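To start, the structure itself, in structure tokens.
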Amino acid sequence: MTTSPIFVGYYTMLRKDIVRILRIWSQTLLPPVVTTTLYYLIFGAFIGSQIAPIDGFSYMQFIVPGLVMMTVITSAYMNTVSTFYFAKWVHTLDELLVSPMPSWVVIAGFVSGGVARALMVAVLVLIVSVFFTKLTIVSIGIVVAAVLLTAILFALAGLLNGMYAKSFDAITIIPTFVLTPLTYLGGVFYSIDQLPEFFRIISLANPILYMVNAFRFGFLGISDVPIGVSFAVMGVLIVVLLGTVLWLFHKGSGLKN
Amino acid sequence: MEDSVSALSIKDLKKVYAKDKKQPGTEALKGVSLEIKKGEFFGLLGPNGAGKTSLIGITAGLVVKTSGSVEVMGSAIDSDPVNAKKHIGLVPQEVNFDIFDTPLNIVLNQAGYYGIPRTAALPRAEEVLKELGLWDKKDTQSQKLSGGMKRRLLIARALIHEPRILLLDEPTAGVDVELRRGMWEYLRKLNEAGTTIVLTTHYLEEAEQLCSRIAIVNKGAIIEQGSVKELVSKLSYVTLVLDTVEPVTAAQIALMRDLKIKSIDETTLELSLKPGDVVNDAIRLMTKIGIQIANIRNSGSRLEEVFVNLIEKNA
């Protein structure tokens, strides 16, 4: 049996990234676990114990899916933006560009690295959450679909940022000034139904709200927005980002001179 | 049929680097056309900024061309990039591998990008790393390798998928004489085994020693091409340096006014000969006026003279 050259190329990229993620686990896996544990402890255990249940669930149970999704978004994004920008900066990207791998395989390789790191972190923070609350899963299918689509989406977004970035500063601006505020305001810590109408409607424009709620629905069976709409938003955004990244690869923008 | 196909066929290749939206760009290649046959050892010779790296970069898929066409072993880089790229091995000017990874991993990963699984690539990796003297360093973090080893690793990586064309961009820039000679020897061996080699260099000696054919590139255009012999035959003059036994007097120089002669110092003369001039005539005249010649030597690389001539003309 011969393995397809395209699959070998893809597997090589993914293997290399996973080896890197595991080799520097103290930079890639440990920080989100430590941060999320602090969130569990402070917001969930200390403050959360004084907050009334939301839709019949304790505050701790309510925020776990949102916090897991927050680490998924950050890990997927940071993995692709940093590996791609670093590869461009030290020119190891040339190894991929001179190879016969089609652009979509190279994109899939980078995105899969981001997804792999996001999933590893998600599993770790979910394991930690068991020490703080009882984990219930209403639909494993929705949990897996939501986490996969969100990881793919933000890995693509990170790749796009890496392609446009011309300095190390440029790879931290979007996570700090766009991603973090959108995540905090994306229903991780509260239900938007608790907000005044004006802010509830504004929150609906935040795409992260749909991802957090889809994920939460998979665990608890509750959501601020229809689940179908959540998956539609993720699907459309993935198509738009993938189209843009493919087009930029085709043109060579952000990759070649 | 396949044998009639050139290893590399470049037609009217242009590259303009846009500085920004408001400024007109720099024209790095102004319509370059080139045919390189299979098995050739071809040299692209030119000063820094001549366009050599752009030419190599476009061929290897690292630079987007503005217009023109490039075919590698009959496959166009635009319409059939997969086939075009699999024939090429690129040795870049600067180290561009993951310095935190080991030489073995670097070459095996590169094999993977070319569709060769790790286990299948292992014997070939061992072969190239051994040939380039890197096998005993295969598990060392590559940032700990010496400069010469890093250069050799770039070559090993480019050869892992057994390319039919090896593109080398200034492979010996900044390396010591011993290493340079070693690399020349290795490249010669590769070429004899059938690999077409295209090398950019600004070391004239390198081109003269290695290349069967040379193109001289300046300001984005090929200003001359042919074999070293053909290029040298186009020289408008040849310069010889003559060391005399005794100091040459001004009176003796005056008597040689029919010759194109220049006094370098008291006992050194520089004699320029046009095509058709006979050295014996000049020597006879010098003997007649009492100049005894101790030694005659070439003023330097013959190719260097061609190069300087052409670049000056093109300035």
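To be explicit about the labels: the chains of the structure tokens are called A, B, and onward in the order shown, and within each one the residues are counted from 1, while ligands get numbers from 1 in the order they are shown.
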Proximity check chain B to chain A, 6 Å, nearest pairs one decimal Å, only C-alpha atoms, as a tab-separated table:
residue	atom	partner	partner_atom	distance
B:Ala60	CA	A:Val98	CA	5.7
B:Gly61	CA	A:Val98	CA	5.4
B:Leu62	CA	A:Lys256	CA	5.7
B:Val63	CA	A:Asn257	CA	5.1
B:Val82	CA	A:Pro100	CA	4.5
B:Lys85	CA	A:Pro100	CA	5.2
B:Lys86	CA	A:Pro100	CA	5.7
B:Asn96	CA	A:Thr92	CA	5.1
B:Phe97	CA	A:Thr92	CA	5.3
B:Gly112	CA	A:Gly9	CA	5.0
B:Tyr113	CA	A:Gly9	CA	4.3
B:Tyr114	CA	A:Ser99	CA	5.9
B:Gly115	CA	A:Pro5	CA	3.6
B:Pro117	CA	A:Val8	CA	6.0
For the residues in that selection, give me C-alpha atoms as an mmCIF file, in the first residue's frame.
data_model
loop_
_atom_site.group_PDB
_atom_site.id
_atom_site.type_symbol
_atom_site.label_atom_id
_atom_site.label_comp_id
_atom_site.auth_asym_id
_atom_site.auth_seq_id
_atom_site.Cartn_x
_atom_site.Cartn_y
_atom_site.Cartn_z
ATOM 1 C CA ALA B 60 11.819 27.498 -6.858
ATOM 2 C CA GLY B 61 8.414 28.985 -5.987
ATOM 3 C CA LEU B 62 9.523 31.506 -3.377
ATOM 4 C CA VAL B 63 8.980 34.668 -5.397
ATOM 5 C CA VAL B 82 3.473 20.105 -8.297
ATOM 6 C CA LYS B 85 8.620 21.648 -7.871
ATOM 7 C CA LYS B 86 9.335 17.974 -7.305
ATOM 8 C CA ASN B 96 16.523 28.637 6.795
ATOM 9 C CA PHE B 97 15.998 25.399 8.671
ATOM 10 C CA GLY B 112 7.768 14.329 4.104
ATOM 11 C CA TYR B 113 6.886 17.610 2.419
ATOM 12 C CA TYR B 114 7.841 15.913 -0.856
ATOM 13 C CA GLY B 115 5.530 13.001 -0.071
ATOM 14 C CA PRO B 117 7.215 8.846 4.437
#
- Message: Given only C-alpha atoms as the basis, pick out the residue of A:Gly114, A:Pro207, A:Gly221, A:Pro175 nearest to A:Ile152.
- Response: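 Using only C-alpha atoms, the shortest distance to A:Ile152 belongs to A:Gly114.
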Would you mind writing down, as a compact mmCIF listing (two decimals) with N, CA and C atoms, in the first residue's frame, each residue of stretch 66-200 of chain A that DSSP on the backbone assigns to alpha helix (DSSP H)?
# COMPACT_ATOMS: atom_id res chain seq x y z
N GLY A 66 -17.91 27.84 29.03
CA GLY A 66 -17.42 29.11 28.49
C GLY A 66 -15.92 29.26 28.68
N LEU A 67 -15.43 28.87 29.86
CA LEU A 67 -13.99 28.99 30.12
C LEU A 67 -13.19 28.02 29.25
N VAL A 68 -13.75 26.83 29.05
CA VAL A 68 -13.06 25.87 28.17
C VAL A 68 -12.99 26.46 26.76
N MET A 69 -14.12 27.02 26.31
CA MET A 69 -14.15 27.60 24.97
C MET A 69 -13.17 28.77 24.85
N MET A 70 -13.01 29.52 25.93
CA MET A 70 -12.07 30.65 25.92
C MET A 70 -10.64 30.14 25.69
N THR A 71 -10.29 29.03 26.35
CA THR A 71 -8.93 28.50 26.16
C THR A 71 -8.77 27.90 24.76
N VAL A 72 -9.85 27.33 24.23
CA VAL A 72 -9.81 26.77 22.87
C VAL A 72 -9.53 27.90 21.87
N ILE A 73 -10.28 28.99 22.00
CA ILE A 73 -10.13 30.13 21.08
C ILE A 73 -8.70 30.67 21.15
N THR A 74 -8.22 30.93 22.36
CA THR A 74 -6.89 31.52 22.52
C THR A 74 -5.80 30.56 22.03
N SER A 75 -5.92 29.28 22.39
CA SER A 75 -4.86 28.34 22.01
C SER A 75 -4.80 28.13 20.51
N ALA A 76 -5.96 27.97 19.87
CA ALA A 76 -5.97 27.75 18.42
C ALA A 76 -5.39 28.96 17.70
N TYR A 77 -5.82 30.14 18.14
CA TYR A 77 -5.37 31.38 17.49
C TYR A 77 -3.87 31.59 17.68
N MET A 78 -3.43 31.48 18.95
CA MET A 78 -2.02 31.76 19.24
C MET A 78 -1.09 30.74 18.58
N ASN A 79 -1.56 29.50 18.45
CA ASN A 79 -0.70 28.49 17.85
C ASN A 79 -0.40 28.82 16.38
N THR A 80 -1.45 29.10 15.61
CA THR A 80 -1.18 29.36 14.18
C THR A 80 -0.52 30.70 13.97
N VAL A 81 -0.96 31.74 14.71
CA VAL A 81 -0.35 33.05 14.47
C VAL A 81 1.14 33.00 14.80
N SER A 82 1.49 32.33 15.89
CA SER A 82 2.91 32.32 16.26
C SER A 82 3.73 31.37 15.39
N THR A 83 3.23 30.17 15.12
CA THR A 83 4.05 29.25 14.29
C THR A 83 4.20 29.80 12.88
N PHE A 84 3.12 30.38 12.33
CA PHE A 84 3.21 30.88 10.96
C PHE A 84 4.13 32.10 10.90
N TYR A 85 3.93 33.04 11.84
CA TYR A 85 4.76 34.24 11.78
C TYR A 85 6.23 33.91 12.03
N PHE A 86 6.48 33.00 12.97
CA PHE A 86 7.86 32.62 13.27
C PHE A 86 8.49 31.93 12.04
N ALA A 87 7.71 31.05 11.40
CA ALA A 87 8.22 30.37 10.19
C ALA A 87 8.53 31.37 9.08
N LYS A 88 7.72 32.41 9.01
CA LYS A 88 7.95 33.44 7.99
C LYS A 88 9.19 34.25 8.36
N TRP A 89 9.31 34.54 9.64
CA TRP A 89 10.39 35.40 10.13
C TRP A 89 11.75 34.73 9.98
N LEU A 93 9.47 28.78 6.56
CA LEU A 93 8.28 28.67 5.70
C LEU A 93 8.70 28.30 4.27
N ASP A 94 9.92 28.72 3.89
CA ASP A 94 10.42 28.41 2.55
C ASP A 94 10.44 26.90 2.29
N GLU A 95 10.69 26.11 3.36
CA GLU A 95 10.72 24.65 3.20
C GLU A 95 9.38 24.15 2.65
N LEU A 96 8.31 24.79 3.10
CA LEU A 96 6.97 24.39 2.65
C LEU A 96 6.67 24.97 1.27
N LEU A 97 7.09 26.20 1.06
CA LEU A 97 6.76 26.86 -0.21
C LEU A 97 7.47 26.25 -1.41
N SER A 103 -1.27 24.51 -1.87
CA SER A 103 -1.52 25.50 -0.79
C SER A 103 -2.49 24.99 0.25
N TRP A 104 -3.55 24.30 -0.21
CA TRP A 104 -4.58 23.88 0.76
C TRP A 104 -4.02 22.87 1.76
N VAL A 105 -3.02 22.12 1.36
CA VAL A 105 -2.42 21.16 2.30
C VAL A 105 -1.60 21.91 3.35
N VAL A 106 -0.86 22.92 2.89
CA VAL A 106 -0.06 23.72 3.83
C VAL A 106 -0.98 24.42 4.83
N ILE A 107 -2.10 24.96 4.32
CA ILE A 107 -3.08 25.62 5.20
C ILE A 107 -3.63 24.58 6.20
N ALA A 108 -4.00 23.41 5.68
CA ALA A 108 -4.54 22.35 6.55
C ALA A 108 -3.53 21.96 7.62
N GLY A 109 -2.26 21.92 7.26
CA GLY A 109 -1.21 21.56 8.22
C GLY A 109 -1.12 22.56 9.36
N PHE A 110 -1.09 23.86 9.01
CA PHE A 110 -1.03 24.89 10.05
C PHE A 110 -2.28 24.88 10.92
N VAL A 111 -3.46 24.80 10.26
CA VAL A 111 -4.73 24.85 11.00
C VAL A 111 -4.84 23.63 11.93
N SER A 112 -4.44 22.47 11.44
CA SER A 112 -4.55 21.25 12.27
C SER A 112 -3.65 21.33 13.49
N GLY A 113 -2.50 21.99 13.36
CA GLY A 113 -1.62 22.19 14.51
C GLY A 113 -2.34 23.00 15.58
N GLY A 114 -3.01 24.07 15.13
CA GLY A 114 -3.77 24.92 16.05
C GLY A 114 -4.91 24.15 16.70
N VAL A 115 -5.60 23.34 15.90
CA VAL A 115 -6.73 22.55 16.42
C VAL A 115 -6.21 21.53 17.44
N ALA A 116 -5.08 20.90 17.12
CA ALA A 116 -4.51 19.89 18.03
C ALA A 116 -4.18 20.51 19.38
N ARG A 117 -3.56 21.69 19.36
CA ARG A 117 -3.20 22.34 20.64
C ARG A 117 -4.48 22.73 21.39
N ALA A 118 -5.47 23.26 20.66
CA ALA A 118 -6.72 23.67 21.31
C ALA A 118 -7.40 22.47 21.97
N LEU A 119 -7.39 21.33 21.28
CA LEU A 119 -8.05 20.15 21.84
C LEU A 119 -7.31 19.62 23.06
N MET A 120 -5.98 19.65 22.99
CA MET A 120 -5.19 19.18 24.14
C MET A 120 -5.50 20.04 25.36
N VAL A 121 -5.51 21.38 25.14
CA VAL A 121 -5.79 22.30 26.25
C VAL A 121 -7.21 22.09 26.76
N ALA A 122 -8.17 21.91 25.84
CA ALA A 122 -9.58 21.72 26.22
C ALA A 122 -9.73 20.50 27.13
N VAL A 123 -9.09 19.41 26.74
CA VAL A 123 -9.18 18.18 27.54
C VAL A 123 -8.59 18.42 28.93
N LEU A 124 -7.43 19.10 28.98
CA LEU A 124 -6.78 19.35 30.27
C LEU A 124 -7.64 20.21 31.19
N VAL A 125 -8.22 21.30 30.63
CA VAL A 125 -9.01 22.17 31.52
C VAL A 125 -10.33 21.51 31.90
N LEU A 126 -10.83 20.63 31.06
CA LEU A 126 -12.05 19.88 31.42
C LEU A 126 -11.74 18.91 32.57
N ILE A 127 -10.57 18.29 32.49
CA ILE A 127 -10.17 17.37 33.57
C ILE A 127 -10.06 18.15 34.89
N VAL A 128 -9.45 19.34 34.82
CA VAL A 128 -9.31 20.14 36.04
C VAL A 128 -10.69 20.53 36.58
N SER A 129 -11.64 20.81 35.67
CA SER A 129 -12.97 21.27 36.11
C SER A 129 -13.69 20.23 36.97
N ILE A 140 -22.77 14.75 23.31
CA ILE A 140 -21.33 14.70 23.01
C ILE A 140 -21.07 15.17 21.56
N GLY A 141 -22.03 14.89 20.67
CA GLY A 141 -21.91 15.29 19.26
C GLY A 141 -21.79 16.81 19.14
N ILE A 142 -22.67 17.52 19.87
CA ILE A 142 -22.65 18.99 19.80
C ILE A 142 -21.37 19.53 20.45
N VAL A 143 -20.96 18.92 21.54
CA VAL A 143 -19.71 19.35 22.21
C VAL A 143 -18.53 19.24 21.24
N VAL A 144 -18.42 18.08 20.61
CA VAL A 144 -17.28 17.84 19.70
C VAL A 144 -17.36 18.76 18.48
N ALA A 145 -18.57 18.88 17.89
CA ALA A 145 -18.72 19.73 16.70
C ALA A 145 -18.40 21.18 17.04
N ALA A 146 -18.89 21.65 18.17
CA ALA A 146 -18.68 23.07 18.54
C ALA A 146 -17.20 23.34 18.79
N VAL A 147 -16.53 22.44 19.50
CA VAL A 147 -15.12 22.68 19.82
C VAL A 147 -14.25 22.58 18.56
N LEU A 148 -14.58 21.63 17.70
CA LEU A 148 -13.81 21.47 16.46
C LEU A 148 -13.97 22.68 15.54
N LEU A 149 -15.23 23.08 15.33
CA LEU A 149 -15.47 24.21 14.42
C LEU A 149 -14.86 25.50 14.98
N THR A 150 -14.98 25.70 16.29
CA THR A 150 -14.39 26.92 16.89
C THR A 150 -12.87 26.90 16.75
N ALA A 151 -12.27 25.74 17.01
CA ALA A 151 -10.81 25.64 16.90
C ALA A 151 -10.36 25.89 15.45
N ILE A 152 -11.09 25.32 14.50
CA ILE A 152 -10.74 25.53 13.08
C ILE A 152 -10.86 27.01 12.74
N LEU A 153 -11.97 27.60 13.19
CA LEU A 153 -12.22 29.01 12.87
C LEU A 153 -11.10 29.91 13.40
N PHE A 154 -10.72 29.71 14.66
CA PHE A 154 -9.71 30.60 15.23
C PHE A 154 -8.29 30.24 14.79
N ALA A 155 -8.08 29.01 14.40
CA ALA A 155 -6.78 28.66 13.82
C ALA A 155 -6.64 29.37 12.47
N LEU A 156 -7.72 29.41 11.71
CA LEU A 156 -7.70 30.13 10.42
C LEU A 156 -7.49 31.63 10.64
N ALA A 157 -8.19 32.17 11.66
CA ALA A 157 -8.04 33.60 11.95
C ALA A 157 -6.60 33.92 12.35
N GLY A 158 -6.00 33.03 13.14
CA GLY A 158 -4.61 33.22 13.55
C GLY A 158 -3.66 33.17 12.35
N LEU A 159 -3.96 32.27 11.44
CA LEU A 159 -3.14 32.15 10.23
C LEU A 159 -3.20 33.44 9.41
N LEU A 160 -4.41 33.97 9.30
CA LEU A 160 -4.61 35.21 8.55
C LEU A 160 -3.82 36.35 9.20
N ASN A 161 -3.88 36.43 10.51
CA ASN A 161 -3.14 37.44 11.26
C ASN A 161 -1.63 37.26 11.01
N GLY A 162 -1.17 36.01 11.04
CA GLY A 162 0.24 35.73 10.81
C GLY A 162 0.69 36.12 9.41
N MET A 163 -0.21 35.95 8.45
CA MET A 163 0.15 36.30 7.07
C MET A 163 0.30 37.82 6.91
N TYR A 164 -0.57 38.56 7.58
CA TYR A 164 -0.50 40.02 7.46
C TYR A 164 0.56 40.64 8.35
N ALA A 170 2.58 42.94 15.84
CA ALA A 170 1.35 42.74 15.08
C ALA A 170 0.66 41.41 15.39
N ILE A 171 1.39 40.47 15.98
CA ILE A 171 0.73 39.20 16.30
C ILE A 171 0.12 39.22 17.70
N THR A 172 0.34 40.31 18.45
CA THR A 172 -0.27 40.38 19.78
C THR A 172 -1.42 41.40 19.82
N ILE A 173 -1.47 42.28 18.82
CA ILE A 173 -2.49 43.34 18.83
C ILE A 173 -3.91 42.75 18.76
N ILE A 174 -4.16 41.86 17.81
CA ILE A 174 -5.51 41.30 17.64
C ILE A 174 -5.91 40.49 18.88
N THR A 180 -9.61 39.12 23.18
CA THR A 180 -9.91 39.07 24.62
C THR A 180 -11.23 39.80 24.95
N PRO A 181 -11.42 41.05 24.49
CA PRO A 181 -12.71 41.70 24.80
C PRO A 181 -13.91 40.93 24.26
N LEU A 182 -13.80 40.42 23.03
CA LEU A 182 -14.94 39.68 22.45
C LEU A 182 -15.23 38.42 23.25
N THR A 183 -14.17 37.77 23.74
CA THR A 183 -14.37 36.55 24.52
C THR A 183 -15.03 36.87 25.87
N TYR A 184 -14.50 37.88 26.55
CA TYR A 184 -15.08 38.24 27.85
C TYR A 184 -16.53 38.68 27.72
N GLU A 197 -31.89 45.10 27.43
CA GLU A 197 -32.21 44.76 26.04
C GLU A 197 -31.18 45.31 25.04
N PHE A 198 -30.78 46.57 25.28
CA PHE A 198 -29.84 47.20 24.34
C PHE A 198 -28.53 46.40 24.25
N PHE A 199 -27.98 46.05 25.41
CA PHE A 199 -26.71 45.32 25.43
C PHE A 199 -26.91 43.86 24.98
N ARG A 200 -28.11 43.33 25.22
CA ARG A 200 -28.40 41.96 24.75
C ARG A 200 -28.35 41.91 23.23
- Rounded to one decimal in Å, what is the spacing between atom CA of B:Val248 and atom CA of B:Ile291? 7.1 Å
- Item | Residue neighbourhood stretch 252-261 of chain B, 10 Å, only C-alpha atoms, exclusion window fewer than 3 positions, as an MDAnalysis selection string | chainID B and resid 239:241 248:249 264 269:274 277 281:282 285:286 289:291
For the residues selected in the previous step, produce a file with N, CA and C atoms as a short mmCIF file (atom, residue, chain, number, x, y, z; two decimals), in the first residue's frame.
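Wrote it out as out29.cif, contents follow:
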data_model
loop_
_atom_site.label_atom_id
_atom_site.label_comp_id
_atom_site.auth_asym_id
_atom_site.auth_seq_id
_atom_site.Cartn_x
_atom_site.Cartn_y
_atom_site.Cartn_z
N THR B 239 45.45 40.87 -20.60
CA THR B 239 46.49 41.59 -19.87
C THR B 239 47.49 40.62 -19.25
N LEU B 240 48.79 40.90 -19.54
CA LEU B 240 49.85 40.09 -18.94
C LEU B 240 50.67 40.98 -18.02
N VAL B 241 51.17 40.38 -16.95
CA VAL B 241 52.03 41.14 -16.03
C VAL B 241 53.45 40.61 -16.20
N VAL B 248 62.97 49.40 -14.98
CA VAL B 248 62.74 49.91 -16.34
C VAL B 248 62.82 51.42 -16.29
N THR B 249 63.57 51.99 -17.23
CA THR B 249 63.74 53.45 -17.23
C THR B 249 62.63 54.11 -18.04
N ILE B 264 53.77 49.47 -13.64
CA ILE B 264 53.08 49.34 -12.34
C ILE B 264 54.02 49.81 -11.23
N LEU B 269 55.70 45.53 -15.30
CA LEU B 269 54.98 46.16 -16.42
C LEU B 269 53.68 45.41 -16.66
N GLU B 270 52.70 46.15 -17.18
CA GLU B 270 51.44 45.49 -17.53
C GLU B 270 51.26 45.66 -19.03
N LEU B 271 51.16 44.53 -19.73
CA LEU B 271 51.07 44.56 -21.20
C LEU B 271 49.70 44.09 -21.63
N SER B 272 48.99 44.95 -22.39
CA SER B 272 47.67 44.57 -22.90
C SER B 272 47.78 44.21 -24.37
N LEU B 273 47.16 43.06 -24.73
CA LEU B 273 47.25 42.57 -26.11
C LEU B 273 45.87 42.50 -26.73
N LYS B 274 45.72 43.08 -27.90
CA LYS B 274 44.46 43.01 -28.63
C LYS B 274 44.41 41.66 -29.35
N ASP B 277 47.34 40.37 -31.77
CA ASP B 277 48.69 40.74 -31.32
C ASP B 277 49.48 39.47 -31.00
N ASP B 281 56.35 39.50 -30.59
CA ASP B 281 56.75 40.81 -31.12
C ASP B 281 57.10 41.76 -29.98
N ALA B 282 56.26 41.74 -28.95
CA ALA B 282 56.49 42.62 -27.80
C ALA B 282 57.77 42.23 -27.08
N LEU B 285 60.90 43.31 -28.99
CA LEU B 285 61.19 44.74 -28.85
C LEU B 285 61.82 45.04 -27.50
N MET B 286 61.28 44.41 -26.47
CA MET B 286 61.82 44.64 -25.11
C MET B 286 63.26 44.16 -25.01
N ILE B 289 65.64 46.63 -26.64
CA ILE B 289 65.96 47.88 -25.92
C ILE B 289 66.54 47.60 -24.52
N GLY B 290 66.87 46.31 -24.29
CA GLY B 290 67.62 45.97 -23.08
C GLY B 290 66.80 45.61 -21.86
N ILE B 291 65.53 45.30 -22.07
CA ILE B 291 64.73 44.88 -20.91
C ILE B 291 64.75 43.36 -20.82
#
- Task: Step one, run DSSP on the backbone; step two, keep only residues of stretch 11-198 of chain B assigned to strand (DSSP E or B); then write them as a PyMOL selection string.
- Result: chain B and resi 11-17+26-36+41-45+67-72+75-76+88-91+165-169+196-198
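The shell of residues at most 9 Å from B:Lys11, with only C-alpha atoms counted and near chain neighbours (fewer than 3 positions) removed, consists of B:Gly31, B:Val32, B:Ser33, B:Leu34, B:Glu35, B:Gly68, B:Ser69, B:Val70, B:Glu71.
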Generate the output file for the selected residues, C-alpha atoms, as a compact mmCIF listing (two decimals), in the first residue's frame.
# COMPACT_ATOMS: atom_id res chain seq x y z
CA GLY B 31 12.70 40.07 -19.44
CA VAL B 32 15.25 37.29 -18.90
CA SER B 33 15.27 34.29 -21.25
CA LEU B 34 17.41 31.25 -20.57
CA GLU B 35 17.60 27.61 -21.67
CA GLY B 68 6.99 35.59 -18.38
CA SER B 69 7.17 31.82 -18.13
CA VAL B 70 9.32 29.21 -16.37
CA GLU B 71 9.29 25.52 -17.21
